[in-house]
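Raw data.cif, mmCIF, C-alpha atoms; chains and numbers go by the auth columns:
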data_target
loop_
_atom_site.group_PDB
_atom_site.id
_atom_site.type_symbol
_atom_site.label_atom_id
_atom_site.label_comp_id
_atom_site.label_asym_id
_atom_site.label_seq_id
_atom_site.Cartn_x
_atom_site.Cartn_y
_atom_site.Cartn_z
_atom_site.B_iso_or_equiv
_atom_site.auth_seq_id
_atom_site.auth_asym_id
ATOM 1 C CA MET A 1 0.000 0.000 0.000 0.00 1 G
ATOM 2 C CA PRO A 2 1.437 3.421 -0.900 0.00 2 G
ATOM 3 C CA SER A 3 2.294 5.761 1.984 0.00 3 G
ATOM 4 C CA HIS A 4 0.540 9.041 2.695 0.00 4 G
ATOM 5 C CA GLU A 5 3.539 10.812 1.158 0.00 5 G
ATOM 6 C CA ASP A 6 3.371 8.664 -2.017 0.00 6 G
ATOM 7 C CA MET A 7 -0.312 9.471 -2.457 0.00 7 G
ATOM 8 C CA VAL A 8 0.200 13.201 -1.848 0.00 8 G
ATOM 9 C CA ARG A 9 3.004 13.192 -4.414 0.00 9 G
ATOM 10 C CA ALA A 10 0.679 11.586 -6.988 0.00 10 G
ATOM 11 C CA VAL A 11 -1.913 14.305 -6.384 0.00 11 G
ATOM 12 C CA GLU A 12 0.769 16.992 -6.742 0.00 12 G
ATOM 13 C CA ARG A 13 1.932 15.460 -10.031 0.00 13 G
ATOM 14 C CA TYR A 14 -1.667 15.438 -11.208 0.00 14 G
ATOM 15 C CA VAL A 15 -1.994 19.177 -10.525 0.00 15 G
ATOM 16 C CA GLU A 16 1.398 19.791 -12.170 0.00 16 G
ATOM 17 C CA ALA A 17 0.330 17.836 -15.274 0.00 17 G
ATOM 18 C CA PHE A 18 -2.549 20.291 -15.778 0.00 18 G
ATOM 19 C CA ASP A 19 -0.217 23.247 -15.170 0.00 19 G
ATOM 20 C CA LYS A 20 2.044 21.957 -17.941 0.00 20 G
ATOM 21 C CA GLY A 21 -0.816 20.799 -20.184 0.00 21 G
ATOM 22 C CA ASP A 22 0.866 17.371 -20.215 0.00 22 G
ATOM 23 C CA ALA A 23 -1.824 14.706 -20.655 0.00 23 G
ATOM 24 C CA ARG A 24 0.797 11.928 -20.672 0.00 24 G
ATOM 25 C CA MET A 25 2.023 13.011 -17.241 0.00 25 G
ATOM 26 C CA ALA A 26 -1.564 12.685 -15.953 0.00 26 G
ATOM 27 C CA SER A 27 -2.357 9.358 -17.632 0.00 27 G
ATOM 28 C CA ASP A 28 0.987 7.871 -16.491 0.00 28 G
ATOM 29 C CA LEU A 29 -0.314 8.070 -12.911 0.00 29 G
ATOM 30 C CA TYR A 30 -2.855 5.351 -13.792 0.00 30 G
ATOM 31 C CA ALA A 31 -2.658 1.549 -13.906 0.00 31 G
ATOM 32 C CA ASP A 32 -3.233 -0.088 -17.325 0.00 32 G
ATOM 33 C CA ASP A 33 -6.871 -1.005 -16.752 0.00 33 G
ATOM 34 C CA ALA A 34 -7.805 1.920 -14.504 0.00 34 G
ATOM 35 C CA THR A 35 -11.186 3.641 -14.561 0.00 35 G
ATOM 36 C CA VAL A 36 -12.047 7.346 -14.536 0.00 36 G
ATOM 37 C CA GLU A 37 -15.596 8.542 -13.736 0.00 37 G
ATOM 38 C CA ASP A 38 -15.661 12.336 -14.211 0.00 38 G
ATOM 39 C CA PRO A 39 -18.121 13.657 -13.261 0.00 39 G
ATOM 40 C CA ILE A 40 -19.564 10.880 -11.117 0.00 40 G
ATOM 41 C CA GLY A 41 -22.682 9.351 -12.655 0.00 41 G
ATOM 42 C CA THR A 42 -21.425 9.692 -16.255 0.00 42 G
ATOM 43 C CA PRO A 43 -19.927 6.934 -18.474 0.00 43 G
ATOM 44 C CA ILE A 44 -16.598 5.568 -17.251 0.00 44 G
ATOM 45 C CA HIS A 45 -13.333 5.896 -19.203 0.00 45 G
ATOM 46 C CA GLN A 46 -11.519 2.563 -18.893 0.00 46 G
ATOM 47 C CA GLY A 47 -7.893 1.830 -19.745 0.00 47 G
ATOM 48 C CA ARG A 48 -4.934 4.154 -19.993 0.00 48 G
ATOM 49 C CA ASP A 49 -5.522 5.037 -23.674 0.00 49 G
ATOM 50 C CA ALA A 50 -9.092 6.154 -23.019 0.00 50 G
ATOM 51 C CA ILE A 51 -7.906 8.038 -19.949 0.00 51 G
ATOM 52 C CA HIS A 52 -5.154 9.720 -21.951 0.00 52 G
ATOM 53 C CA ALA A 53 -7.682 10.856 -24.567 0.00 53 G
ATOM 54 C CA PHE A 54 -9.921 12.217 -21.818 0.00 54 G
ATOM 55 C CA TYR A 55 -7.096 14.309 -20.309 0.00 55 G
ATOM 56 C CA SER A 56 -5.931 15.518 -23.727 0.00 56 G
ATOM 57 C CA MET A 57 -9.403 16.884 -24.315 0.00 57 G
ATOM 58 C CA SER A 58 -9.659 18.485 -20.847 0.00 58 G
ATOM 59 C CA MET A 59 -6.277 20.128 -21.229 0.00 59 G
ATOM 60 C CA GLN A 60 -7.128 21.503 -24.688 0.00 60 G
ATOM 61 C CA ALA A 61 -9.704 23.632 -22.869 0.00 61 G
ATOM 62 C CA GLY A 62 -6.787 24.948 -20.760 0.00 62 G
ATOM 63 C CA ALA A 63 -8.022 23.525 -17.450 0.00 63 G
ATOM 64 C CA LYS A 64 -5.808 24.337 -14.428 0.00 64 G
ATOM 65 C CA LEU A 65 -6.282 22.969 -10.898 0.00 65 G
ATOM 66 C CA ARG A 66 -5.870 24.759 -7.572 0.00 66 G
ATOM 67 C CA LEU A 67 -5.919 22.519 -4.483 0.00 67 G
ATOM 68 C CA ASP A 68 -8.338 23.614 -1.742 0.00 68 G
ATOM 69 C CA GLY A 69 -6.827 22.313 1.489 0.00 69 G
ATOM 70 C CA PRO A 70 -4.762 19.240 2.314 0.00 70 G
ATOM 71 C CA VAL A 71 -4.984 15.836 0.661 0.00 71 G
ATOM 72 C CA ARG A 72 -6.804 13.312 2.843 0.00 72 G
ATOM 73 C CA THR A 73 -5.561 9.701 2.736 0.00 73 G
ATOM 74 C CA GLY A 74 -6.853 6.504 4.317 0.00 74 G
ATOM 75 C CA GLY A 75 -6.361 2.841 3.396 0.00 75 G
ATOM 76 C CA ASP A 76 -5.493 2.819 -0.308 0.00 76 G
ATOM 77 C CA TYR A 77 -7.398 6.016 -1.095 0.00 77 G
ATOM 78 C CA ALA A 78 -6.636 9.707 -1.414 0.00 78 G
ATOM 79 C CA ALA A 79 -9.330 12.409 -1.561 0.00 79 G
ATOM 80 C CA PHE A 80 -8.730 16.045 -2.395 0.00 80 G
ATOM 81 C CA ALA A 81 -10.787 19.190 -2.940 0.00 81 G
ATOM 82 C CA PHE A 82 -9.821 21.622 -5.676 0.00 82 G
ATOM 83 C CA THR A 83 -11.052 24.314 -8.024 0.00 83 G
ATOM 84 C CA VAL A 84 -10.759 23.923 -11.795 0.00 84 G
ATOM 85 C CA LEU A 85 -10.119 27.116 -13.732 0.00 85 G
ATOM 86 C CA VAL A 86 -11.172 26.661 -17.344 0.00 86 G
ATOM 87 C CA ASP A 87 -12.206 28.705 -20.358 0.00 87 G
ATOM 88 C CA PHE A 88 -15.459 27.272 -21.594 0.00 88 G
ATOM 89 C CA GLY A 89 -17.440 30.040 -23.290 0.00 89 G
ATOM 90 C CA GLY A 90 -15.690 32.487 -20.952 0.00 90 G
ATOM 91 C CA PRO A 91 -13.728 31.850 -17.744 0.00 91 G
ATOM 92 C CA LYS A 92 -15.349 29.361 -15.370 0.00 92 G
ATOM 93 C CA GLU A 93 -14.539 27.886 -11.990 0.00 93 G
ATOM 94 C CA ILE A 94 -15.659 24.383 -11.083 0.00 94 G
ATOM 95 C CA GLU A 95 -15.387 23.134 -7.503 0.00 95 G
ATOM 96 C CA VAL A 96 -14.544 19.434 -7.435 0.00 96 G
ATOM 97 C CA ILE A 97 -13.555 16.656 -5.035 0.00 97 G
ATOM 98 C CA ASP A 98 -11.631 13.726 -6.536 0.00 98 G
ATOM 99 C CA THR A 99 -10.893 10.341 -5.028 0.00 99 G
ATOM 100 C CA PHE A 100 -7.952 8.205 -6.195 0.00 100 G
ATOM 101 C CA LYS A 101 -7.728 4.496 -5.326 0.00 101 G
ATOM 102 C CA PHE A 102 -4.171 3.127 -5.515 0.00 102 G
ATOM 103 C CA ASP A 103 -2.746 -0.328 -6.168 0.00 103 G
ATOM 104 C CA GLY A 104 0.329 -1.776 -4.432 0.00 104 G
ATOM 105 C CA GLU A 105 2.595 -0.206 -7.077 0.00 105 G
ATOM 106 C CA GLY A 106 1.301 3.285 -6.290 0.00 106 G
ATOM 107 C CA LYS A 107 -0.662 3.544 -9.550 0.00 107 G
ATOM 108 C CA VAL A 108 -4.208 4.910 -9.565 0.00 108 G
ATOM 109 C CA THR A 109 -6.758 2.194 -10.384 0.00 109 G
ATOM 110 C CA GLU A 110 -9.942 4.218 -9.913 0.00 110 G
ATOM 111 C CA MET A 111 -10.654 7.921 -10.049 0.00 111 G
ATOM 112 C CA ARG A 112 -14.051 9.433 -9.265 0.00 112 G
ATOM 113 C CA ALA A 113 -14.714 13.164 -9.618 0.00 113 G
ATOM 114 C CA PHE A 114 -17.547 14.543 -7.475 0.00 114 G
ATOM 115 C CA TRP A 115 -19.077 17.642 -9.045 0.00 115 G
ATOM 116 C CA GLY A 116 -22.092 18.732 -11.034 0.00 116 G
ATOM 117 C CA PRO A 117 -23.672 21.772 -12.674 0.00 117 G
ATOM 118 C CA ALA A 118 -24.291 23.458 -9.303 0.00 118 G
ATOM 119 C CA ASN A 119 -20.519 23.507 -8.701 0.00 119 G
ATOM 120 C CA MET A 120 -19.731 25.504 -11.862 0.00 120 G
ATOM 121 C CA ARG A 121 -19.866 29.280 -12.093 0.00 121 G
ATOM 122 C CA ALA A 122 -18.730 32.059 -14.408 0.00 122 G
ATOM 123 C CA VAL A 123 -15.962 34.306 -13.085 0.00 123 G
ATOM 124 C CA ASP A 124 -14.704 37.730 -14.114 0.00 124 G
ATOM 125 C CA ALA A 125 -11.872 37.503 -16.610 0.00 125 G
ATOM 126 C CA MET B 1 -32.703 11.466 -7.310 0.00 126 U
ATOM 127 C CA PRO B 2 -32.377 14.223 -4.706 0.00 127 U
ATOM 128 C CA SER B 3 -31.537 17.710 -5.956 0.00 128 U
ATOM 129 C CA HIS B 4 -28.310 19.572 -5.242 0.00 129 U
ATOM 130 C CA GLU B 5 -30.224 21.599 -2.641 0.00 130 U
ATOM 131 C CA ASP B 6 -31.585 18.446 -0.956 0.00 131 U
ATOM 132 C CA MET B 7 -28.103 16.990 -0.686 0.00 132 U
ATOM 133 C CA VAL B 8 -26.578 20.229 0.638 0.00 133 U
ATOM 134 C CA ARG B 9 -29.353 20.393 3.245 0.00 134 U
ATOM 135 C CA ALA B 10 -28.519 16.846 4.398 0.00 135 U
ATOM 136 C CA VAL B 11 -24.856 17.821 4.813 0.00 136 U
ATOM 137 C CA GLU B 12 -25.867 20.921 6.765 0.00 137 U
ATOM 138 C CA ARG B 13 -28.079 18.815 9.040 0.00 138 U
ATOM 139 C CA TYR B 14 -25.163 16.442 9.570 0.00 139 U
ATOM 140 C CA VAL B 15 -22.945 19.328 10.718 0.00 140 U
ATOM 141 C CA GLU B 16 -25.770 20.656 12.910 0.00 141 U
ATOM 142 C CA ALA B 17 -26.253 17.225 14.521 0.00 142 U
ATOM 143 C CA PHE B 18 -22.638 17.328 15.729 0.00 143 U
ATOM 144 C CA ASP B 19 -23.080 20.921 16.949 0.00 144 U
ATOM 145 C CA LYS B 20 -26.036 19.775 19.037 0.00 145 U
ATOM 146 C CA GLY B 21 -24.486 16.449 20.043 0.00 146 U
ATOM 147 C CA ASP B 22 -27.630 14.794 18.651 0.00 147 U
ATOM 148 C CA ALA B 23 -26.720 11.316 17.400 0.00 148 U
ATOM 149 C CA ARG B 24 -30.340 10.605 16.425 0.00 149 U
ATOM 150 C CA MET B 25 -30.376 13.630 14.139 0.00 150 U
ATOM 151 C CA ALA B 26 -27.290 12.236 12.380 0.00 151 U
ATOM 152 C CA SER B 27 -28.493 8.632 12.141 0.00 152 U
ATOM 153 C CA ASP B 28 -31.930 9.749 10.887 0.00 153 U
ATOM 154 C CA LEU B 29 -30.217 10.970 7.713 0.00 154 U
ATOM 155 C CA TYR B 30 -29.520 7.321 6.828 0.00 155 U
ATOM 156 C CA ALA B 31 -31.572 4.619 5.122 0.00 156 U
ATOM 157 C CA ASP B 32 -32.389 1.508 7.207 0.00 157 U
ATOM 158 C CA ASP B 33 -29.635 -0.685 5.782 0.00 158 U
ATOM 159 C CA ALA B 34 -27.068 2.030 5.102 0.00 159 U
ATOM 160 C CA THR B 35 -23.332 1.567 5.512 0.00 160 U
ATOM 161 C CA VAL B 36 -20.754 3.838 7.148 0.00 161 U
ATOM 162 C CA GLU B 37 -17.014 3.321 6.545 0.00 162 U
ATOM 163 C CA ASP B 38 -15.150 5.794 8.767 0.00 163 U
ATOM 164 C CA PRO B 39 -12.235 5.988 8.230 0.00 164 U
ATOM 165 C CA ILE B 40 -12.079 4.295 4.850 0.00 165 U
ATOM 166 C CA GLY B 41 -10.380 0.909 5.012 0.00 166 U
ATOM 167 C CA THR B 42 -11.782 0.049 8.463 0.00 167 U
ATOM 168 C CA PRO B 43 -14.753 -2.258 9.281 0.00 168 U
ATOM 169 C CA ILE B 44 -18.103 -1.003 8.026 0.00 169 U
ATOM 170 C CA HIS B 45 -20.997 -0.085 10.318 0.00 170 U
ATOM 171 C CA GLN B 46 -24.183 -1.444 8.713 0.00 171 U
ATOM 172 C CA GLY B 47 -27.767 -0.585 9.586 0.00 172 U
ATOM 173 C CA ARG B 48 -29.189 2.436 11.332 0.00 173 U
ATOM 174 C CA ASP B 49 -28.742 1.016 14.859 0.00 174 U
ATOM 175 C CA ALA B 50 -25.034 0.379 14.331 0.00 175 U
ATOM 176 C CA ILE B 51 -24.702 3.809 12.737 0.00 176 U
ATOM 177 C CA HIS B 52 -26.502 5.431 15.650 0.00 177 U
ATOM 178 C CA ALA B 53 -24.132 3.726 18.123 0.00 178 U
ATOM 179 C CA PHE B 54 -21.166 4.931 16.071 0.00 179 U
ATOM 180 C CA TYR B 55 -22.342 8.561 16.153 0.00 180 U
ATOM 181 C CA SER B 56 -23.221 8.387 19.850 0.00 181 U
ATOM 182 C CA MET B 57 -19.630 7.370 20.547 0.00 182 U
ATOM 183 C CA SER B 58 -18.150 10.075 18.285 0.00 183 U
ATOM 184 C CA MET B 59 -20.291 12.742 19.860 0.00 184 U
ATOM 185 C CA GLN B 60 -19.368 11.677 23.406 0.00 185 U
ATOM 186 C CA ALA B 61 -15.841 12.799 22.508 0.00 186 U
ATOM 187 C CA GLY B 62 -17.389 16.213 21.699 0.00 187 U
ATOM 188 C CA ALA B 63 -16.569 16.163 17.987 0.00 188 U
ATOM 189 C CA LYS B 64 -17.644 19.283 16.050 0.00 189 U
ATOM 190 C CA LEU B 65 -17.437 19.749 12.261 0.00 190 U
ATOM 191 C CA ARG B 66 -16.426 22.838 10.309 0.00 191 U
ATOM 192 C CA LEU B 67 -17.082 22.672 6.553 0.00 192 U
ATOM 193 C CA ASP B 68 -14.096 23.594 4.364 0.00 193 U
ATOM 194 C CA GLY B 69 -15.571 24.924 1.142 0.00 194 U
ATOM 195 C CA PRO B 70 -18.751 24.136 -0.765 0.00 195 U
ATOM 196 C CA VAL B 71 -20.492 20.764 -0.990 0.00 196 U
ATOM 197 C CA ARG B 72 -19.875 19.068 -4.332 0.00 197 U
ATOM 198 C CA THR B 73 -22.749 17.029 -5.801 0.00 198 U
ATOM 199 C CA GLY B 74 -23.001 14.821 -8.880 0.00 199 U
ATOM 200 C CA GLY B 75 -25.370 11.985 -9.779 0.00 200 U
ATOM 201 C CA ASP B 76 -26.628 10.622 -6.453 0.00 201 U
ATOM 202 C CA TYR B 77 -23.532 11.617 -4.494 0.00 202 U
ATOM 203 C CA ALA B 78 -22.408 14.514 -2.343 0.00 203 U
ATOM 204 C CA ALA B 79 -18.772 15.064 -1.307 0.00 204 U
ATOM 205 C CA PHE B 80 -17.601 17.599 1.244 0.00 205 U
ATOM 206 C CA ALA B 81 -14.360 18.588 2.941 0.00 206 U
ATOM 207 C CA PHE B 82 -14.349 19.518 6.618 0.00 207 U
ATOM 208 C CA THR B 83 -12.276 19.719 9.768 0.00 208 U
ATOM 209 C CA VAL B 84 -13.242 17.776 12.892 0.00 209 U
ATOM 210 C CA LEU B 85 -12.475 19.491 16.191 0.00 210 U
ATOM 211 C CA VAL B 86 -12.304 16.916 18.959 0.00 211 U
ATOM 212 C CA ASP B 87 -10.820 16.440 22.412 0.00 212 U
ATOM 213 C CA PHE B 88 -8.913 13.199 22.357 0.00 213 U
ATOM 214 C CA GLY B 89 -6.090 13.426 24.896 0.00 214 U
ATOM 215 C CA GLY B 90 -6.056 17.178 24.266 0.00 215 U
ATOM 216 C CA PRO B 91 -7.574 19.201 21.430 0.00 216 U
ATOM 217 C CA LYS B 92 -7.091 17.742 17.975 0.00 217 U
ATOM 218 C CA GLU B 93 -8.058 18.673 14.437 0.00 218 U
ATOM 219 C CA ILE B 94 -8.710 16.024 11.821 0.00 219 U
ATOM 220 C CA GLU B 95 -9.076 16.974 8.157 0.00 220 U
ATOM 221 C CA VAL B 96 -11.625 14.746 6.441 0.00 221 U
ATOM 222 C CA ILE B 97 -13.517 14.378 3.160 0.00 222 U
ATOM 223 C CA ASP B 98 -16.820 12.476 3.326 0.00 223 U
ATOM 224 C CA THR B 99 -18.937 11.126 0.504 0.00 224 U
ATOM 225 C CA PHE B 100 -22.669 10.480 0.896 0.00 225 U
ATOM 226 C CA LYS B 101 -24.589 8.325 -1.597 0.00 226 U
ATOM 227 C CA PHE B 102 -28.347 9.010 -1.613 0.00 227 U
ATOM 228 C CA ASP B 103 -31.375 6.917 -2.513 0.00 228 U
ATOM 229 C CA GLY B 104 -34.501 8.216 -4.257 0.00 229 U
ATOM 230 C CA GLU B 105 -36.005 9.214 -0.906 0.00 230 U
ATOM 231 C CA GLY B 106 -33.077 11.479 -0.104 0.00 231 U
ATOM 232 C CA LYS B 107 -31.707 9.123 2.574 0.00 232 U
ATOM 233 C CA VAL B 108 -27.995 8.346 2.755 0.00 233 U
ATOM 234 C CA THR B 109 -27.270 4.717 1.809 0.00 234 U
ATOM 235 C CA GLU B 110 -23.470 4.832 1.922 0.00 235 U
ATOM 236 C CA MET B 111 -21.034 7.096 3.710 0.00 236 U
ATOM 237 C CA ARG B 112 -17.283 6.882 3.304 0.00 237 U
ATOM 238 C CA ALA B 113 -14.897 9.080 5.304 0.00 238 U
ATOM 239 C CA PHE B 114 -11.497 9.694 3.718 0.00 239 U
ATOM 240 C CA TRP B 115 -8.850 10.419 6.355 0.00 240 U
ATOM 241 C CA GLY B 116 -5.998 8.768 8.175 0.00 241 U
ATOM 242 C CA PRO B 117 -3.359 9.392 10.845 0.00 242 U
ATOM 243 C CA ALA B 118 -1.525 11.921 8.648 0.00 243 U
ATOM 244 C CA ASN B 119 -4.661 14.114 8.667 0.00 244 U
ATOM 245 C CA MET B 120 -4.778 14.448 12.477 0.00 245 U
ATOM 246 C CA ARG B 121 -2.810 16.992 14.473 0.00 246 U
ATOM 247 C CA ALA B 122 -2.740 18.461 17.971 0.00 247 U
ATOM 248 C CA VAL B 123 -3.806 22.096 18.270 0.00 248 U
ATOM 249 C CA ASP B 124 -3.318 24.723 20.982 0.00 249 U
ATOM 250 C CA ALA B 125 -6.207 24.808 23.424 0.00 250 U
#
Represent the supplied structure as structure tokens.
Amino acid sequence: MPSHEDMVRAVERYVEAFDKGDARMASDLYADDATVEDPIGTPIHQGRDAIHAFYSMSMQAGAKLRLDGPVRTGGDYAAFAFTVLVDFGGPKEIEVIDTFKFDGEGKVTEMRAFWGPANMRAVDA
Amino acid sequence: MPSHEDMVRAVERYVEAFDKGDARMASDLYADDATVEDPIGTPIHQGRDAIHAFYSMSMQAGAKLRLDGPVRTGGDYAAFAFTVLVDFGGPKEIEVIDTFKFDGEGKVTEMRAFWGPANMRAVDA
């Protein structure tokens, strides 16, 4: 099981991947057959290729992440609150909480993103 | 499926239940056969009686919750970040993220609390 520090580092790399617009850096955090459900309740992206395509698309919209408070970890999970800054018909902020489930190698096997329309708002440019 | 507002109200009642030290108010948010996993990775409390006993014990330690940022909702889930203030051999703060899954009646069927030892720290009285 990865340590607290390992899981925090993965979250920090995830944020950094968006900063750099590097979809490969994000998808490399995942295990081969991982799943991504973002937002929760929508169809799941399964496998690293599908996940890579999903992040490529998100990053084309220029999405950046700003962590809101410390990463919580317990068992083989990390959970973290953040705000997404994205240009989508004008600048928007989306408030999100993600959970990552890790395997023994420290790769993410399951990501779920908790947010919906009520968590998105327009912001001044 | 409950609305965003319904789910936010349930979270607010949960916080209020701790403020009042009212374990029944907390356990009444749950469906009959709901599950609580707190912290994640530990044995699950199943059924409203077991959940009520769990909250009674937590509240005896005087735990209070302070929300950290807005409640995120998507599909039939809510996720929220908060800090627990508790006296446990001296005042402590624990940073937690909870997820609630709701049924069609607006009752919580599954709660998972994401936190671990690294999210707990002593604070000045």
task: Could you state which residues are captured by the PyMOL selection byres ((chain U) within 7 of (chain G)) in this file, as a list of chain:residue names?
output: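 With the shown file as input, the PyMOL selection byres ((chain U) within 7 of (chain G)) matches U:His129, U:Pro164, U:Ile165, U:Gly166, U:Arg197, U:Thr198, U:Gly199, U:Gly200, U:Ala204, U:Ala206, U:Glu220, U:Val221, U:Ile222, U:Phe239, U:Trp240, U:Gly241, U:Ala243, U:Asn244.
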message: Could you check the closest approach to Phe88 of chain G for each of G:Ala122, G:Met111, G:Met7, G:Ala26 and tell me which residue wins, using only C-alpha atoms?
response: G:Ala122
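With only the atoms specified (all atoms listed in the file) counting, those residues at most 6 Å away from (-28.8, 14.1, 14.8) are Ala142, Asp147, Ala148, Arg149, Met150 and Ala151 of chain U.
Comparing the minimum interatomic distances between Thr160 of chain U and each of U:Val233, U:Val140, U:Met184, U:Leu192, counting only C-alpha atoms, we find that U:Val233 sits nearest.
For the structure shown here, the set of residues caught by the PyMOL selection byres ((chain U and resi 153) around 12) is Ala135, Arg138, Tyr139, Ala142, Asp147, Ala148, Arg149, Met150, Ala151, Ser152, Leu154, Tyr155, Ala156, Asp157, Asp158, Ala159, Gly172, Arg173, Asp174, Ile176, His177, Tyr180, Gly231, Lys232, Val233 and Thr234 of chain U.
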Selection near Val209 of chain U, 7 Å with all atoms listed in the file, sequence-local residues under 4 positions removed, as a PyMOL selection string: chain U and resi 188-191+218-220
- request: Figure out the distance between atom CA of Pro2 of chain G and atom CA of Asp103 of chain G, please, to one decimal in Å.
  value: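 Interatomic distance here is 7.7 Å.
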message: Can you measure atom CA of Gln185 of chain U to atom CA of Glu230 of chain U for me? One decimal in Å is fine.
response: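 Distance between the two atoms: 29.6 Å.
Note that atom CA of Met182 of chain U and atom CA of Arg246 of chain U are 20.3 Å apart.
With all atoms listed in the file taken into account, every residue lying no more than 8 Å from the file point (-13.0, 21.5, 22.3) is included here: Gly187, Ala188, Leu210, Val211, Asp212, Pro216 and Ala250 of chain U.
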